[in-house]
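Asks: Got a structure for you, entry.txt, holding compact mmCIF, C-alpha atoms and all ligand atoms.
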```txt
# COMPACT_ATOMS: atom_id res chain seq x y z
CA MET U 30 16.07 -31.32 -71.31
CA ARG U 31 19.74 -31.87 -71.97
CA GLY U 32 22.02 -30.99 -69.08
CA ILE U 33 19.23 -30.80 -66.53
CA GLY U 34 19.19 -34.52 -65.85
CA CYS U 35 15.75 -35.77 -64.98
CA ILE U 36 13.65 -37.13 -62.21
CA GLY U 37 10.19 -38.60 -62.21
CA LEU U 38 7.87 -37.09 -64.75
CA VAL U 39 10.66 -35.40 -66.65
CA CYS U 40 12.14 -38.83 -67.34
CA LEU U 41 8.70 -40.08 -68.24
CA LEU U 42 8.43 -37.38 -70.87
CA ALA U 43 11.94 -38.07 -72.11
CA GLY U 44 10.94 -41.69 -72.54
CA ALA U 45 7.90 -40.77 -74.58
CA LEU U 46 9.71 -38.31 -76.81
CA PRO U 47 11.20 -40.71 -79.38
CA ALA U 48 7.69 -42.00 -80.03
CA LEU U 49 6.26 -38.52 -80.45
CA ALA U 50 9.13 -37.42 -82.65
CA ALA U 51 8.78 -40.31 -85.08
CA THR U 52 7.11 -39.12 -88.26
CA PRO U 53 7.37 -40.73 -91.69
CA ALA U 54 9.06 -37.63 -93.07
CA ASP U 55 11.73 -37.63 -90.39
CA PRO U 56 15.14 -37.42 -92.09
CA SER U 57 16.85 -39.21 -89.17
CA GLY U 58 15.52 -42.56 -90.27
CA GLY U 59 11.89 -42.85 -89.11
CA ALA U 60 10.19 -45.43 -91.32
CA ASP U 61 6.60 -46.47 -91.89
CA LEU U 62 5.89 -50.14 -91.34
CA LYS U 63 2.79 -52.05 -92.27
CA SER U 64 0.25 -51.73 -89.46
CA LEU U 65 -1.96 -54.78 -88.92
CA GLY U 66 -3.30 -54.66 -85.36
CA SER U 67 -3.05 -52.61 -82.22
CA THR U 68 0.28 -54.05 -81.03
CA GLN U 69 1.79 -54.18 -84.51
CA PRO U 70 4.64 -51.74 -85.08
CA ALA U 71 3.56 -48.80 -87.25
CA LYS U 72 6.92 -47.05 -87.08
CA VAL U 73 10.48 -47.62 -86.03
CA GLN U 74 12.97 -44.95 -85.12
CA ASP U 75 16.41 -45.55 -83.67
CA GLY U 76 15.49 -49.13 -82.80
CA GLN U 77 12.29 -48.19 -80.96
CA TYR U 78 9.08 -49.56 -82.44
CA THR U 79 5.77 -47.79 -81.88
CA ASP U 80 2.20 -48.77 -82.73
CA LYS U 81 -0.30 -46.61 -84.59
CA ASN U 82 -1.16 -44.76 -81.37
CA GLY U 83 2.49 -43.92 -80.75
CA ASP U 84 2.75 -46.39 -77.83
CA PRO U 85 5.97 -48.42 -77.53
CA THR U 86 5.60 -51.91 -78.95
CA TYR U 87 7.72 -55.00 -79.57
CA HIS U 88 9.31 -56.40 -82.70
CA VAL U 89 9.88 -60.15 -82.50
CA THR U 90 11.48 -62.05 -85.37
CA ASP U 91 13.19 -65.37 -86.13
CA GLY U 92 10.18 -67.39 -85.01
CA GLY U 93 10.07 -65.72 -81.59
CA LYS U 94 13.80 -66.02 -80.87
CA LYS U 95 14.97 -62.47 -81.60
CA VAL U 96 13.57 -59.34 -79.93
CA ASP U 97 14.11 -55.60 -80.37
CA TRP U 98 16.47 -53.90 -77.91
CA TYR U 99 13.69 -52.27 -75.86
CA THR U 100 12.08 -55.64 -75.19
CA MET U 101 15.47 -57.02 -74.13
CA SER U 102 16.17 -54.04 -71.88
CA GLY U 103 12.68 -54.34 -70.42
CA TYR U 104 13.30 -57.98 -69.59
CA LEU U 105 16.47 -57.05 -67.68
CA ARG U 106 14.85 -54.11 -65.85
CA TYR U 107 11.79 -56.16 -64.99
CA ASN U 108 14.05 -58.74 -63.38
CA ALA U 109 15.85 -56.05 -61.38
CA ASN U 110 12.81 -54.11 -60.13
CA CYS U 111 9.52 -55.96 -60.46
CA ILE U 112 10.17 -59.72 -60.20
CA VAL U 113 10.34 -59.64 -56.40
CA CYS U 114 6.58 -59.03 -56.25
CA HIS U 115 5.20 -59.92 -59.68
CA GLY U 116 7.15 -63.17 -60.04
CA PRO U 117 9.35 -64.56 -62.84
CA ASP U 118 8.34 -63.60 -66.40
CA GLY U 119 5.44 -61.41 -65.19
CA MET U 120 3.47 -64.48 -64.11
CA GLY U 121 2.26 -63.01 -60.79
CA SER U 122 2.68 -64.21 -57.20
CA THR U 123 0.55 -64.75 -54.14
CA TYR U 124 1.09 -61.04 -53.37
CA ALA U 125 0.96 -59.22 -56.71
CA PRO U 126 -1.13 -59.80 -59.85
CA SER U 127 0.04 -61.36 -63.11
CA LEU U 128 1.24 -58.64 -65.46
CA VAL U 129 0.85 -61.03 -68.38
CA ASP U 130 -2.88 -60.69 -67.74
CA ALA U 131 -2.90 -57.04 -66.63
CA LEU U 132 -1.05 -55.74 -69.70
CA LYS U 133 -3.58 -57.15 -72.15
CA GLY U 134 -5.04 -54.02 -73.75
CA MET U 135 -3.40 -51.60 -71.27
CA ASP U 136 -2.09 -48.52 -73.06
CA TYR U 137 1.20 -46.82 -72.22
CA ALA U 138 -0.34 -43.79 -70.50
CA HIS U 139 -2.31 -45.98 -68.09
CA PHE U 140 0.74 -48.17 -67.40
CA ALA U 141 2.97 -45.13 -66.82
CA GLY U 142 0.44 -43.65 -64.40
CA ILE U 143 0.54 -46.79 -62.25
CA ILE U 144 4.33 -47.03 -62.29
CA VAL U 145 4.84 -43.35 -61.43
CA GLY U 146 2.13 -43.07 -58.78
CA GLY U 147 1.69 -46.63 -57.49
CA LYS U 148 -1.59 -48.40 -56.76
CA LYS U 149 -3.24 -49.57 -53.54
CA ASP U 150 -5.98 -52.00 -52.69
CA VAL U 151 -6.27 -51.87 -48.94
CA ASN U 152 -9.28 -53.09 -46.99
CA ALA U 153 -10.11 -55.10 -43.88
CA SER U 154 -9.01 -58.42 -45.38
CA GLN U 155 -5.96 -57.44 -47.43
CA GLU U 156 -3.28 -54.85 -47.97
CA LEU U 157 -1.98 -54.84 -51.54
CA VAL U 158 0.46 -52.04 -52.27
CA MET U 159 2.18 -51.34 -55.56
CA PRO U 160 4.95 -48.83 -54.72
CA ALA U 161 5.27 -45.53 -56.61
CA PHE U 162 8.44 -45.51 -58.73
CA GLY U 163 8.27 -41.85 -59.80
CA ASP U 164 11.53 -41.04 -58.00
CA ASN U 165 13.37 -44.21 -59.03
CA ARG U 166 15.53 -43.63 -62.09
CA ASN U 167 16.30 -47.32 -62.46
CA VAL U 168 12.65 -47.71 -63.35
CA MET U 169 11.72 -44.28 -64.81
CA CYS U 170 14.59 -44.19 -67.30
CA TYR U 171 13.65 -47.61 -68.66
CA MET U 172 9.86 -47.47 -68.61
CA PRO U 173 9.24 -47.77 -72.38
CA GLY U 174 11.28 -50.98 -72.42
CA ILE U 175 9.56 -52.45 -69.37
CA TYR U 176 6.18 -51.74 -71.00
CA THR U 177 7.34 -53.22 -74.30
CA TYR U 178 8.57 -56.43 -72.69
CA LEU U 179 5.39 -56.93 -70.65
CA ARG U 180 3.25 -56.14 -73.66
CA ALA U 181 5.09 -58.83 -75.61
CA ARG U 182 4.51 -61.28 -72.74
CA ALA U 183 0.81 -60.36 -72.58
CA GLU U 184 0.35 -60.97 -76.30
CA GLY U 185 2.29 -64.24 -76.23
CA ALA U 186 4.98 -62.86 -78.57
CA VAL U 187 7.77 -63.82 -76.16
CA GLY U 188 7.78 -66.83 -73.89
CA ARG U 189 9.19 -67.33 -70.42
CA ASN U 190 12.91 -66.85 -69.66
CA ARG U 191 15.51 -64.62 -71.29
CA PRO U 192 15.02 -63.87 -75.00
CA PRO U 193 17.86 -65.76 -76.78
CA GLU U 194 18.76 -63.00 -79.25
CA HIS U 195 18.22 -59.26 -79.58
CA GLU U 196 18.67 -56.42 -82.03
CA PRO U 197 21.72 -54.20 -81.32
CA LYS U 198 21.51 -51.56 -78.60
CA PRO U 199 20.69 -48.31 -80.45
CA ALA U 200 23.04 -45.35 -79.95
CA ALA U 201 19.96 -43.22 -79.23
CA PHE U 202 19.07 -45.53 -76.32
CA THR U 203 22.53 -45.11 -74.79
CA LYS U 204 22.31 -41.34 -75.18
CA ALA U 205 18.84 -41.11 -73.60
CA GLU U 206 19.97 -43.43 -70.80
CA ASP U 207 23.01 -41.27 -70.04
CA GLU U 208 20.89 -38.10 -70.00
CA CYS U 209 18.25 -39.68 -67.77
CA MET U 210 20.57 -41.32 -65.25
CA LYS U 211 22.88 -38.38 -64.60
C1 LIG Y 1 6.60 -54.35 -53.45
C2 LIG Y 1 5.90 -55.19 -54.42
C3 LIG Y 1 5.77 -54.68 -55.85
C4 LIG Y 1 6.77 -54.27 -56.71
C5 LIG Y 1 8.28 -54.20 -56.44
C6 LIG Y 1 6.13 -53.97 -57.96
N1 LIG Y 1 4.77 -54.14 -57.86
FE1 LIG Y 1 3.41 -53.80 -59.32
N2 LIG Y 1 1.90 -54.25 -58.02
C7 LIG Y 1 2.06 -54.72 -56.74
C8 LIG Y 1 0.75 -54.99 -56.15
C9 LIG Y 1 0.49 -55.53 -54.76
C10 LIG Y 1 -0.19 -54.63 -57.13
C11 LIG Y 1 -1.72 -54.68 -57.00
C12 LIG Y 1 -2.20 -53.35 -56.46
C13 LIG Y 1 -3.70 -53.25 -56.41
O1 LIG Y 1 -4.39 -54.28 -56.50
O2 LIG Y 1 -4.20 -52.12 -56.29
C14 LIG Y 1 0.56 -54.17 -58.30
C15 LIG Y 1 -0.03 -53.73 -59.47
C16 LIG Y 1 0.66 -53.44 -60.62
C17 LIG Y 1 0.05 -53.06 -61.88
C18 LIG Y 1 -1.45 -52.92 -62.13
C19 LIG Y 1 -2.02 -54.26 -62.44
C20 LIG Y 1 -3.50 -54.19 -62.73
O3 LIG Y 1 -4.13 -55.26 -62.76
O4 LIG Y 1 -4.04 -53.08 -62.92
C21 LIG Y 1 1.06 -52.89 -62.78
C22 LIG Y 1 0.92 -52.50 -64.26
C23 LIG Y 1 2.30 -53.14 -62.08
N3 LIG Y 1 2.02 -53.46 -60.79
C24 LIG Y 1 3.55 -53.08 -62.67
C25 LIG Y 1 4.75 -53.18 -61.96
C26 LIG Y 1 6.06 -53.00 -62.57
C27 LIG Y 1 6.31 -52.75 -64.04
C28 LIG Y 1 6.97 -53.11 -61.56
C29 LIG Y 1 8.47 -52.93 -61.65
C30 LIG Y 1 8.93 -51.65 -62.17
C31 LIG Y 1 6.23 -53.39 -60.33
N4 LIG Y 1 4.91 -53.42 -60.62
C32 LIG Y 1 6.81 -53.57 -59.10
C33 LIG Y 1 3.27 -54.92 -56.10
C34 LIG Y 1 4.51 -54.59 -56.59
```
If you convert what's in this file into structure tokens, what do you get?
Ligand code: HEC
Replies:
Amino acid sequence: MRGIGCIGLVCLLAGALPALAATPADPSGGADLKSLGSTQPAKVQDGQYTDKNGDPTYHVTDGGKKVDWYTMSGYLRYNANCIVCHGPDGMGSTYAPSLVDALKGMDYAHFAGIIVGGKKDVNASQELVMPAFGDNRNVMCYMPGIYTYLRARAEGAVGRNRPPEHEPKPAAFTKAEDECMK
């Protein structure tokens, strides 16, 4: 994918690749972590944590104060692109549903489908429209992080407001970001 740049689904695939590439035998630093429950990290590679299904997940330490980089990035991207409808900290608004509730048990593929294609509930009494973000790189290039942040909110692992501390921004994140945004 290098050199082609990416739009829409190509970015989506680029986002999913680190998760797919992470195997315990990977010489580039993939590591097996103890897996306890569905949102527990099973692996970490280049600062991205994934659960046993390969879905992005959060890593919160220091009694809830410190988050992994993807959760931090997701918080920032959520505030740039989603807060206007879904409210501060994913809490929902009169127009759009709470994502703290919606993300409970929602896997990455389902989430990605909604973000790429949008969602509509239009009838005689209401017109609820979730826009499709498939052509918006500011969302597509950061989707694993947005999912990770909202997943952490849904599970109560991070509270409201900006996480006070975060793990360093991985070089692999910067590289993927540059490839995706160009
Ligand atoms: C213009 C307003 C608007 C923006 C911006 C927006 N959404 Fe939505 N979103 C909605 C509405 C309205 C719905 C409910 C649609 C329905 O009921 O079919 C929704 C639904 C959703 C759902 C499905 C919830 C469920 O219960 O199944 C997810 C997930 C979601 N949005 C995530 C996001 C994310 C992540 C962003 C930012 C990248 C975002 N939305 C930006 C309005 C918005």
Asks: When the cut-off is 6 Å and you count only C-alpha atoms and all ligand atoms, which residues lie near ligand LIG 1 (chain Y), shown as a ChimeraX atom specification?
Replies: /U:107,110-111,113-114,124-126,131,140,148-150,157-160,168
Asks: Atom CA of Tyr178 of chain U and atom CA of Tyr87 of chain U are how many Å apart?
Replies: 7.1 Å
Asks: How many Å separate atom CA of Pro70 of chain U from atom CA of Met210 of chain U?
Replies: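 Calculated distance between atom CA of Pro70 of chain U and atom CA of Met210 of chain U is 27.5 Å.
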Asks: Please, what distance in Å, to one decimal, runs between atom CA of Lys94 of chain U and atom CA of Glu196 of chain U?
Replies: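 According to the coordinates, atom CA of Lys94 of chain U and atom CA of Glu196 of chain U are separated by 10.8 Å.
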Asks: Which of these residues is nearest to Phe202 of chain U, using all atoms listed in the file: U:Cys170, U:Val187, U:Met120, U:Ile175?
Replies: U:Cys170
Asks: Got a sec: who's within 7 Å of Val96 of chain U, counting only C-alpha atoms, leaving out chain neighbours fewer than 5 positions off, as a list in words?
Replies: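 Neighbouring residues, sequence-local ones excluded: His88, Val89, Thr90, Met101, Pro192, Glu194, His195 and Glu196 of chain U.
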Asks: Between U:Thr177, U:Thr68, U:Ser102, U:Asn82, single out the one closest to Gly134 of chain U, counting all atoms listed in the file.
Replies: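 Looking at the shortest contact to Gly134 of chain U, the residue is U:Thr68.
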Asks: If we count only C-alpha atoms and set the cut-off at 12 Å, which residues sit around Asp136 of chain U, ignoring sequence neighbours fewer than 2 positions away in its own chain? Please answer as a PDB file with C-alpha atoms, keeping the file's coordinate frame.
Replies:
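Result written to result34.pdb:
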```pdb
ATOM      1  CA  SER U  67      -3.050 -52.610 -82.220  1.00  0.00           C
ATOM      2  CA  THR U  68       0.280 -54.050 -81.030  1.00  0.00           C
ATOM      3  CA  THR U  79       5.770 -47.790 -81.880  1.00  0.00           C
ATOM      4  CA  ASP U  80       2.200 -48.770 -82.730  1.00  0.00           C
ATOM      5  CA  LYS U  81      -0.300 -46.610 -84.590  1.00  0.00           C
ATOM      6  CA  ASN U  82      -1.160 -44.760 -81.370  1.00  0.00           C
ATOM      7  CA  GLY U  83       2.490 -43.920 -80.750  1.00  0.00           C
ATOM      8  CA  ASP U  84       2.750 -46.390 -77.830  1.00  0.00           C
ATOM      9  CA  PRO U  85       5.970 -48.420 -77.530  1.00  0.00           C
ATOM     10  CA  THR U  86       5.600 -51.910 -78.950  1.00  0.00           C
ATOM     11  CA  ALA U 131      -2.900 -57.040 -66.630  1.00  0.00           C
ATOM     12  CA  LEU U 132      -1.050 -55.740 -69.700  1.00  0.00           C
ATOM     13  CA  LYS U 133      -3.580 -57.150 -72.150  1.00  0.00           C
ATOM     14  CA  GLY U 134      -5.040 -54.020 -73.750  1.00  0.00           C
ATOM     15  CA  ALA U 138      -0.340 -43.790 -70.500  1.00  0.00           C
ATOM     16  CA  HIS U 139      -2.310 -45.980 -68.090  1.00  0.00           C
ATOM     17  CA  PHE U 140       0.740 -48.170 -67.400  1.00  0.00           C
ATOM     18  CA  ALA U 141       2.970 -45.130 -66.820  1.00  0.00           C
ATOM     19  CA  GLY U 142       0.440 -43.650 -64.400  1.00  0.00           C
ATOM     20  CA  ILE U 143       0.540 -46.790 -62.250  1.00  0.00           C
ATOM     21  CA  PRO U 173       9.240 -47.770 -72.380  1.00  0.00           C
ATOM     22  CA  TYR U 176       6.180 -51.740 -71.000  1.00  0.00           C
ATOM     23  CA  THR U 177       7.340 -53.220 -74.300  1.00  0.00           C
ATOM     24  CA  LEU U 179       5.390 -56.930 -70.650  1.00  0.00           C
ATOM     25  CA  ARG U 180       3.250 -56.140 -73.660  1.00  0.00           C
TER      26      ARG U 180
END
```
Asks: Let me make sure I understand: among U:Gly116, U:Lys204, U:Cys209, U:Val151, which one has the smallest atom-to-atom distance to Asp164 of chain U if we use only C-alpha atoms?
Replies: U:Cys209
Asks: Quick one: axis-aligned box around all listed atoms of segment 161-176 of chain U, 4 Å on every side, centre and edge lengths in Å to one decimal, written as AutoDock Vina command-line options.
Replies:
```
--center_x 10.8 --center_y -46.7 --center_z -64.5 --size_x 19.0 --size_y 19.4 --size_z 23.8
```
Asks: Between U:Ile144, U:Gly185, U:Trp98, U:Gln69, single out the one closest to Thr203 of chain U, counting only C-alpha atoms.
Replies: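 For Thr203 of chain U, the nearest of the given residues is U:Trp98.
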